[in-house]
file my_file_1.pdb (PDB, C-alpha atoms, pLDDT in the B column)
MODEL        1
ATOM      1  CA  MET A  29     115.910 109.174 106.283  1.00 96.00           C
ATOM      2  CA  LYS A  30     112.382 109.702 107.576  1.00 97.00           C
ATOM      3  CA  VAL A  31     111.722 111.248 110.966  1.00 98.00           C
ATOM      4  CA  ILE A  32     108.456 109.889 112.347  1.00 98.00           C
ATOM      5  CA  GLY A  33     106.650 111.494 115.276  1.00 98.00           C
ATOM      6  CA  LEU A  34     104.712 108.857 117.209  1.00 98.00           C
ATOM      7  CA  THR A  35     101.951 110.041 119.524  1.00 97.00           C
ATOM      8  CA  GLY A  36      98.646 109.021 121.058  1.00 94.00           C
ATOM      9  CA  GLY A  37      96.340 109.746 123.948  1.00 89.00           C
ATOM     10  CA  ILE A  38      96.558 108.269 127.426  1.00 88.00           C
ATOM     11  CA  ALA A  39      96.256 104.440 127.457  1.00 90.00           C
ATOM     12  CA  SER A  40      96.136 104.303 123.644  1.00 92.00           C
ATOM     13  CA  GLY A  41      98.894 101.687 123.413  1.00 93.00           C
ATOM     14  CA  LYS A  42     101.587 104.031 122.090  1.00 94.00           C
ATOM     15  CA  SER A  43     104.297 102.428 124.242  1.00 93.00           C
ATOM     16  CA  THR A  44     103.436  98.976 122.902  1.00 95.00           C
ATOM     17  CA  VAL A  45     103.723 100.274 119.327  1.00 97.00           C
ATOM     18  CA  ALA A  46     107.035 102.011 120.147  1.00 97.00           C
ATOM     19  CA  GLN A  47     108.375  98.777 121.646  1.00 97.00           C
ATOM     20  CA  HIS A  48     107.439  96.836 118.493  1.00 97.00           C
ATOM     21  CA  ILE A  49     109.201  99.419 116.305  1.00 97.00           C
ATOM     22  CA  ARG A  50     112.311  99.203 118.509  1.00 97.00           C
ATOM     23  CA  GLN A  51     112.273  95.403 118.147  1.00 97.00           C
ATOM     24  CA  GLN A  52     112.531  95.878 114.366  1.00 96.00           C
ATOM     25  CA  GLY A  53     115.950  97.486 114.905  1.00 96.00           C
ATOM     26  CA  ILE A  54     114.635 101.009 114.307  1.00 97.00           C
ATOM     27  CA  PRO A  55     115.895 103.750 116.623  1.00 98.00           C
ATOM     28  CA  VAL A  56     113.172 105.088 118.915  1.00 98.00           C
ATOM     29  CA  PHE A  57     113.692 108.302 120.877  1.00 98.00           C
ATOM     30  CA  ASP A  58     111.691 108.201 124.118  1.00 97.00           C
ATOM     31  CA  ALA A  59     110.875 111.823 124.985  1.00 96.00           C
ATOM     32  CA  ASP A  60     109.382 110.899 128.370  1.00 92.00           C
ATOM     33  CA  ALA A  61     112.512 109.089 129.524  1.00 95.00           C
ATOM     34  CA  VAL A  62     114.744 111.894 128.234  1.00 96.00           C
ATOM     35  CA  SER A  63     112.621 114.585 129.924  1.00 93.00           C
ATOM     36  CA  LYS A  64     113.350 112.843 133.230  1.00 91.00           C
ATOM     37  CA  ALA A  65     117.047 112.420 132.401  1.00 94.00           C
ATOM     38  CA  VAL A  66     117.621 116.089 131.535  1.00 93.00           C
ATOM     39  CA  VAL A  67     116.699 117.111 135.089  1.00 93.00           C
ATOM     40  CA  ALA A  68     118.530 114.259 136.833  1.00 93.00           C
ATOM     41  CA  PRO A  69     120.844 115.147 139.744  1.00 94.00           C
ATOM     42  CA  GLY A  70     123.949 117.011 138.586  1.00 92.00           C
ATOM     43  CA  THR A  71     122.510 118.120 135.233  1.00 93.00           C
ATOM     44  CA  GLU A  72     122.401 121.637 133.853  1.00 92.00           C
ATOM     45  CA  GLY A  73     118.668 121.135 133.355  1.00 93.00           C
ATOM     46  CA  LEU A  74     118.134 120.572 137.069  1.00 94.00           C
ATOM     47  CA  GLU A  75     120.266 123.630 137.898  1.00 94.00           C
ATOM     48  CA  LYS A  76     118.102 125.769 135.579  1.00 94.00           C
ATOM     49  CA  VAL A  77     114.859 124.473 137.103  1.00 94.00           C
ATOM     50  CA  ILE A  78     116.104 125.134 140.646  1.00 94.00           C
ATOM     51  CA  ALA A  79     117.355 128.606 139.624  1.00 94.00           C
ATOM     52  CA  ALA A  80     113.883 129.376 138.249  1.00 93.00           C
ATOM     53  CA  PHE A  81     111.763 127.764 140.976  1.00 93.00           C
ATOM     54  CA  GLY A  82     113.896 127.697 144.130  1.00 93.00           C
ATOM     55  CA  LYS A  83     115.826 125.237 146.296  1.00 93.00           C
ATOM     56  CA  GLU A  84     112.646 124.002 147.993  1.00 92.00           C
ATOM     57  CA  TYR A  85     112.002 121.903 144.862  1.00 92.00           C
ATOM     58  CA  LEU A  86     115.076 119.772 145.530  1.00 92.00           C
ATOM     59  CA  LYS A  87     114.652 116.414 147.221  1.00 90.00           C
ATOM     60  CA  ASP A  88     117.577 114.057 147.886  1.00 87.00           C
ATOM     61  CA  GLY A  89     119.690 115.953 145.344  1.00 88.00           C
ATOM     62  CA  GLY A  90     117.082 115.563 142.617  1.00 89.00           C
ATOM     63  CA  LEU A  91     113.907 117.287 141.484  1.00 92.00           C
ATOM     64  CA  ASP A  92     110.903 116.894 143.781  1.00 91.00           C
ATOM     65  CA  ARG A  93     108.535 115.887 140.969  1.00 87.00           C
ATOM     66  CA  LYS A  94     105.441 115.697 143.134  1.00 87.00           C
ATOM     67  CA  LYS A  95     105.981 119.174 144.601  1.00 90.00           C
ATOM     68  CA  ILE A  96     106.737 120.804 141.242  1.00 90.00           C
ATOM     69  CA  ALA A  97     103.769 119.046 139.639  1.00 85.00           C
ATOM     70  CA  GLU A  98     101.440 120.557 142.236  1.00 85.00           C
ATOM     71  CA  VAL A  99     102.725 124.056 141.415  1.00 87.00           C
ATOM     72  CA  VAL A 100     102.613 123.840 137.609  1.00 86.00           C
ATOM     73  CA  PHE A 101      99.308 121.963 137.497  1.00 78.00           C
ATOM     74  CA  ASN A 102      97.411 125.085 138.572  1.00 80.00           C
ATOM     75  CA  ASN A 103      99.697 127.747 137.114  1.00 87.00           C
ATOM     76  CA  LYS A 104      99.997 128.020 133.336  1.00 86.00           C
ATOM     77  CA  GLU A 105     102.855 130.552 133.496  1.00 91.00           C
ATOM     78  CA  LYS A 106     104.957 128.320 135.732  1.00 91.00           C
ATOM     79  CA  LEU A 107     104.136 125.313 133.568  1.00 89.00           C
ATOM     80  CA  LYS A 108     105.338 127.212 130.493  1.00 90.00           C
ATOM     81  CA  LEU A 109     108.559 128.131 132.286  1.00 92.00           C
ATOM     82  CA  LEU A 110     109.228 124.540 133.381  1.00 93.00           C
ATOM     83  CA  GLU A 111     108.457 123.185 129.923  1.00 90.00           C
ATOM     84  CA  SER A 112     110.683 125.751 128.202  1.00 90.00           C
ATOM     85  CA  ILE A 113     113.633 124.602 130.337  1.00 93.00           C
ATOM     86  CA  ILE A 114     112.963 120.881 129.895  1.00 93.00           C
ATOM     87  CA  LEU A 115     111.679 120.802 126.294  1.00 92.00           C
ATOM     88  CA  THR A 116     114.629 122.797 124.948  1.00 91.00           C
ATOM     89  CA  ARG A 117     116.960 120.141 126.332  1.00 94.00           C
ATOM     90  CA  VAL A 118     114.779 117.244 125.169  1.00 95.00           C
ATOM     91  CA  TRP A 119     114.763 118.633 121.611  1.00 95.00           C
ATOM     92  CA  GLU A 120     118.579 118.997 121.681  1.00 95.00           C
ATOM     93  CA  GLU A 121     118.778 115.308 122.625  1.00 96.00           C
ATOM     94  CA  ALA A 122     116.285 114.429 119.863  1.00 97.00           C
ATOM     95  CA  GLU A 123     118.436 116.245 117.302  1.00 97.00           C
ATOM     96  CA  GLN A 124     121.465 114.245 118.450  1.00 97.00           C
ATOM     97  CA  ALA A 125     119.474 111.007 118.115  1.00 98.00           C
ATOM     98  CA  ILE A 126     118.399 112.012 114.582  1.00 98.00           C
ATOM     99  CA  ALA A 127     121.997 112.804 113.613  1.00 98.00           C
ATOM    100  CA  GLU A 128     123.141 109.462 115.067  1.00 97.00           C
ATOM    101  CA  ALA A 129     120.446 107.546 113.142  1.00 97.00           C
ATOM    102  CA  LYS A 130     121.538 109.294 109.917  1.00 97.00           C
ATOM    103  CA  LYS A 131     125.140 108.273 110.581  1.00 97.00           C
ATOM    104  CA  GLN A 132     123.996 104.655 111.029  1.00 95.00           C
ATOM    105  CA  ASN A 133     122.149 104.882 107.666  1.00 95.00           C
ATOM    106  CA  SER A 134     118.873 104.029 109.340  1.00 96.00           C
ATOM    107  CA  PRO A 135     115.897 104.379 106.945  1.00 96.00           C
ATOM    108  CA  MET A 136     113.901 106.002 109.750  1.00 97.00           C
ATOM    109  CA  ILE A 137     113.859 107.159 113.357  1.00 98.00           C
ATOM    110  CA  VAL A 138     110.792 107.378 115.550  1.00 98.00           C
ATOM    111  CA  LEU A 139     110.362 110.164 118.081  1.00 98.00           C
ATOM    112  CA  ASP A 140     107.964 108.840 120.724  1.00 97.00           C
ATOM    113  CA  VAL A 141     106.468 112.097 122.062  1.00 95.00           C
ATOM    114  CA  PRO A 142     103.179 112.191 124.026  1.00 91.00           C
ATOM    115  CA  LEU A 143     102.738 115.959 123.450  1.00 90.00           C
ATOM    116  CA  LEU A 144     104.016 115.965 119.855  1.00 95.00           C
ATOM    117  CA  ILE A 145     101.078 117.999 118.574  1.00 95.00           C
ATOM    118  CA  GLU A 146     100.441 120.171 121.630  1.00 91.00           C
ATOM    119  CA  LYS A 147     104.074 121.364 121.693  1.00 91.00           C
ATOM    120  CA  ASP A 148     104.240 121.906 117.894  1.00 93.00           C
ATOM    121  CA  TRP A 149     106.870 119.202 117.424  1.00 95.00           C
ATOM    122  CA  TYR A 150     104.725 117.784 114.621  1.00 97.00           C
ATOM    123  CA  LYS A 151     106.206 120.602 112.523  1.00 97.00           C
ATOM    124  CA  LYS A 152     109.702 119.177 113.085  1.00 96.00           C
ATOM    125  CA  VAL A 153     108.973 115.647 111.777  1.00 97.00           C
ATOM    126  CA  ASP A 154     108.310 114.199 108.304  1.00 98.00           C
ATOM    127  CA  GLU A 155     105.233 112.205 109.316  1.00 97.00           C
ATOM    128  CA  VAL A 156     102.934 111.979 112.328  1.00 98.00           C
ATOM    129  CA  TRP A 157     101.828 108.474 113.373  1.00 98.00           C
ATOM    130  CA  LEU A 158      98.898 108.494 115.783  1.00 98.00           C
ATOM    131  CA  VAL A 159      97.940 105.462 117.865  1.00 97.00           C
ATOM    132  CA  TYR A 160      94.156 105.742 118.048  1.00 95.00           C
ATOM    133  CA  ILE A 161      91.450 104.189 120.192  1.00 93.00           C
ATOM    134  CA  SER A 162      87.907 105.454 120.694  1.00 91.00           C
ATOM    135  CA  PRO A 163      87.313 107.784 123.662  1.00 90.00           C
ATOM    136  CA  GLU A 164      85.076 105.119 125.244  1.00 91.00           C
ATOM    137  CA  GLU A 165      87.824 102.482 124.980  1.00 91.00           C
ATOM    138  CA  GLN A 166      90.311 105.022 126.339  1.00 91.00           C
ATOM    139  CA  ILE A 167      88.191 105.584 129.453  1.00 92.00           C
ATOM    140  CA  ARG A 168      87.865 101.817 129.951  1.00 92.00           C
ATOM    141  CA  ARG A 169      91.634 101.275 129.656  1.00 92.00           C
ATOM    142  CA  VAL A 170      92.548 104.197 131.952  1.00 89.00           C
ATOM    143  CA  MET A 171      90.149 102.849 134.609  1.00 92.00           C
ATOM    144  CA  LEU A 172      91.639  99.379 134.245  1.00 90.00           C
ATOM    145  CA  ARG A 173      95.294 100.459 134.121  1.00 90.00           C
ATOM    146  CA  ASP A 174      95.278 103.140 136.832  1.00 88.00           C
ATOM    147  CA  GLY A 175      92.456 101.859 139.036  1.00 90.00           C
ATOM    148  CA  MET A 176      90.455 105.066 138.511  1.00 88.00           C
ATOM    149  CA  THR A 177      86.735 105.699 138.601  1.00 91.00           C
ATOM    150  CA  ARG A 178      85.010 106.652 135.358  1.00 91.00           C
ATOM    151  CA  GLU A 179      84.887 110.297 136.509  1.00 90.00           C
ATOM    152  CA  GLN A 180      88.603 110.354 137.368  1.00 87.00           C
ATOM    153  CA  ALA A 181      89.474 108.827 133.989  1.00 87.00           C
ATOM    154  CA  LYS A 182      87.334 111.399 132.165  1.00 87.00           C
ATOM    155  CA  ALA A 183      88.921 114.248 134.152  1.00 82.00           C
ATOM    156  CA  ARG A 184      92.421 112.992 133.292  1.00 82.00           C
ATOM    157  CA  MET A 185      91.473 112.808 129.613  1.00 84.00           C
ATOM    158  CA  ALA A 186      89.873 116.270 129.677  1.00 81.00           C
ATOM    159  CA  ASN A 187      93.337 117.678 130.504  1.00 78.00           C
ATOM    160  CA  GLN A 188      94.683 116.417 127.168  1.00 82.00           C
ATOM    161  CA  MET A 189      93.958 117.164 123.538  1.00 89.00           C
ATOM    162  CA  SER A 190      91.433 114.557 122.385  1.00 88.00           C
ATOM    163  CA  THR A 191      92.603 111.801 120.048  1.00 87.00           C
ATOM    164  CA  ASP A 192      89.893 112.860 117.613  1.00 88.00           C
ATOM    165  CA  GLU A 193      91.481 116.333 117.537  1.00 92.00           C
ATOM    166  CA  LYS A 194      94.940 114.787 117.078  1.00 94.00           C
ATOM    167  CA  ARG A 195      93.687 112.821 114.051  1.00 94.00           C
ATOM    168  CA  LYS A 196      93.662 116.054 112.027  1.00 95.00           C
ATOM    169  CA  TYR A 197      97.458 116.181 112.274  1.00 97.00           C
ATOM    170  CA  ALA A 198      98.154 112.520 111.571  1.00 97.00           C
ATOM    171  CA  ASN A 199      99.620 111.175 108.332  1.00 97.00           C
ATOM    172  CA  VAL A 200      99.143 107.614 109.572  1.00 98.00           C
ATOM    173  CA  VAL A 201      96.406 106.553 111.999  1.00 97.00           C
ATOM    174  CA  ILE A 202      97.183 103.290 113.797  1.00 98.00           C
ATOM    175  CA  ASP A 203      93.825 101.916 114.934  1.00 95.00           C
ATOM    176  CA  ASN A 204      94.467 100.057 118.184  1.00 95.00           C
ATOM    177  CA  GLY A 205      90.840  99.195 118.888  1.00 91.00           C
ATOM    178  CA  GLY A 206      91.136  95.603 117.675  1.00 92.00           C
ATOM    179  CA  THR A 207      93.615  92.849 118.474  1.00 94.00           C
ATOM    180  CA  LEU A 208      97.258  93.560 119.204  1.00 93.00           C
ATOM    181  CA  GLU A 209      98.258  91.310 116.280  1.00 96.00           C
ATOM    182  CA  LYS A 210      96.196  93.393 113.880  1.00 97.00           C
ATOM    183  CA  THR A 211      97.683  96.646 115.209  1.00 96.00           C
ATOM    184  CA  LEU A 212     101.275  95.422 114.965  1.00 96.00           C
ATOM    185  CA  ALA A 213     100.710  93.973 111.483  1.00 97.00           C
ATOM    186  CA  PHE A 214      99.529  97.406 110.344  1.00 97.00           C
ATOM    187  CA  VAL A 215     102.570  99.096 111.942  1.00 97.00           C
ATOM    188  CA  GLN A 216     104.835  96.550 110.255  1.00 97.00           C
ATOM    189  CA  LYS A 217     103.322  97.377 106.854  1.00 97.00           C
ATOM    190  CA  GLU A 218     104.029 101.093 107.422  1.00 97.00           C
ATOM    191  CA  ILE A 219     107.630 100.298 108.411  1.00 97.00           C
ATOM    192  CA  GLU A 220     108.128  98.203 105.281  1.00 96.00           C
ATOM    193  CA  LYS A 221     106.817 101.053 103.092  1.00 95.00           C
ATOM    194  CA  ILE A 222     109.590 103.286 104.432  1.00 95.00           C
ATOM    195  CA  ARG A 223     112.258 100.577 104.230  1.00 91.00           C
ATOM    196  CA  LYS A 224     111.545 100.140 100.505  1.00 86.00           C
TER
ENDMDL
END
call {"tool": "encode", "arguments": {"input": "my_file_1.pdb", "output": "structure tokens"}}
result
Amino acid sequence: MKVIGLTGGIASGKSTVAQHIRQQGIPVFDADAVSKAVVAPGTEGLEKVIAAFGKEYLKDGGLDRKKIAEVVFNNKEKLKLLESIILTRVWEEAEQAIAEAKKQNSPMIVLDVPLLIEKDWYKKVDEVWLVYISPEEQIRRVMLRDGMTREQAKARMANQMSTDEKRKYANVVIDNGGTLEKTLAFVQKEIEKIRK
């Protein structure tokens, strides 16, 4: 069974690609959704975060995301601490999903992870699939999607590894600069290669 790491920059269309893969009956592990779930009210993850950061980061029994984001955004040490608590749990869940997919005799599983390369998870997968659009198109889509100015969009993108940098790690580059049909047809071809 192949473990595929799917990644891409902001507004690249990664979620659309992940959704298409899921529709083909292939298990897709959504790291973003799981990272929220592992610190849900009543979880060990939340307990660890509160033990590390303090009770003032609780809101209605759950994690005050906005408040914790403000702290870690400007403090690399605190960000590292938060990520170590959350990412450890997310990877444990990913391993369970991989084991489950093996049991089901699935030819592949896709780990949809925005920070796949930044967090070195690319070393834990068989192939890296990168959804790619040009930086200019990325800015346009971020402005459109999030109602940002050009400057705001560029600032948001400057906080991430560039897609051009990510390309160096990719085994498969999914060019999403054209039509959606063309993108999904390409993805389908890659899926079929693995299924054979």
call {"tool": "axis_aligned_box", "arguments": {"input": "my_file_1.pdb", "around": "range 106-120 of chain A", "padding_each_side": "6 Å", "output": "JSON"}}
result
{"center_x": 111.4, "center_y": 122.8, "center_z": 128.7, "size_x": 26.4, "size_y": 23.1, "size_z": 26.1}
call {"tool": "closest_atom_pairs", "arguments": {"input": "my_file_1.pdb", "of": "range 110-164 of chain A", "to": "range 54-69 of chain A", "cutoff": "10 Å", "atoms": "all atoms listed in the file", "output": "tab-separated table"}}
result
residue	atom	partner	partner_atom	distance
A:Glu111	CA	A:Ser63	CA	9.6
A:Ile113	CA	A:Val67	CA	9.4
A:Ile114	CA	A:Ser63	CA	6.3
A:Leu115	CA	A:Ser63	CA	7.3
A:Thr116	CA	A:Ser63	CA	9.8
A:Arg117	CA	A:Val66	CA	6.6
A:Val118	CA	A:Ser63	CA	5.9
A:Trp119	CA	A:Ala59	CA	8.5
A:Glu121	CA	A:Val62	CA	7.7
A:Ala122	CA	A:Phe57	CA	6.7
A:Glu123	CA	A:Phe57	CA	9.9
A:Ala125	CA	A:Phe57	CA	7.0
A:Ile126	CA	A:Phe57	CA	8.7
A:Glu128	CA	A:Pro55	CA	9.4
A:Ala129	CA	A:Pro55	CA	6.9
A:Gln132	CA	A:Pro55	CA	9.9
A:Ser134	CA	A:Ile54	CA	7.2
A:Pro135	CA	A:Ile54	CA	8.2
A:Met136	CA	A:Ile54	CA	6.8
A:Ile137	CA	A:Pro55	CA	5.1
A:Val138	CA	A:Val56	CA	4.7
A:Leu139	CA	A:Phe57	CA	4.7
A:Asp140	CA	A:Asp58	CA	5.1
A:Val141	CA	A:Ala59	CA	5.3
A:Pro142	CA	A:Asp60	CA	7.7
A:Leu143	CA	A:Ala59	CA	9.3
A:Leu144	CA	A:Ala59	CA	9.5
call {"tool": "atom_distance", "arguments": {"input": "my_file_1.pdb", "atom1": "CA of Gln166 in chain A", "atom2": "CA of Glu146 in chain A"}}
result
18.8 Å
call {"tool": "atom_distance", "arguments": {"input": "my_file_1.pdb", "atom1": "CA of Gly36 in chain A", "atom2": "CA of Leu158 in chain A"}}
result
5.3 Å
call {"tool": "closest_residue", "arguments": {"input": "my_file_1.pdb", "among": "A:Val31, A:Val45, A:Leu208, A:Ile145", "to": "Met189 in chain A", "atoms": "all atoms listed in the file"}}
result
A:Ile145
call {"tool": "atom_distance", "arguments": {"input": "my_file_1.pdb", "atom1": "CA of Ala39 in chain A", "atom2": "CA of Arg173 in chain A"}}
result
7.8 Å
call {"tool": "resolve_selection", "arguments": {"input": "my_file_1.pdb", "expression": "the PyMOL selection byres ((chain A and resi 196-202) around 10)", "output": "PyMOL selection string"}}
result
chain A and resi 32-36+40-42+45+145+150-151+154-161+191-195+203-205+210-212+214-215+218
call {"tool": "closest_residue", "arguments": {"input": "my_file_1.pdb", "among": "A:Val170, A:Met176, A:Ile219, A:Ala183", "to": "Ile38 in chain A", "atoms": "all atoms listed in the file"}}
result
A:Val170
call {"tool": "resolve_selection", "arguments": {"input": "my_file_1.pdb", "expression": "the PyMOL selection byres ((chain A and resi 83-89) around 12)", "output": "MDAnalysis selection string"}}
result
chainID A and resid 67:71 74:82 90:99
call {"tool": "residues_around", "arguments": {"input": "my_file_1.pdb", "residues": "Lys182 in chain A", "least_positions_apart": "4", "cutoff": "10 Å", "atoms": "all atoms listed in the file", "output": "PyMOL selection string"}}
result
chain A and resi 163-164+166-168+170-171+176-178+186-187
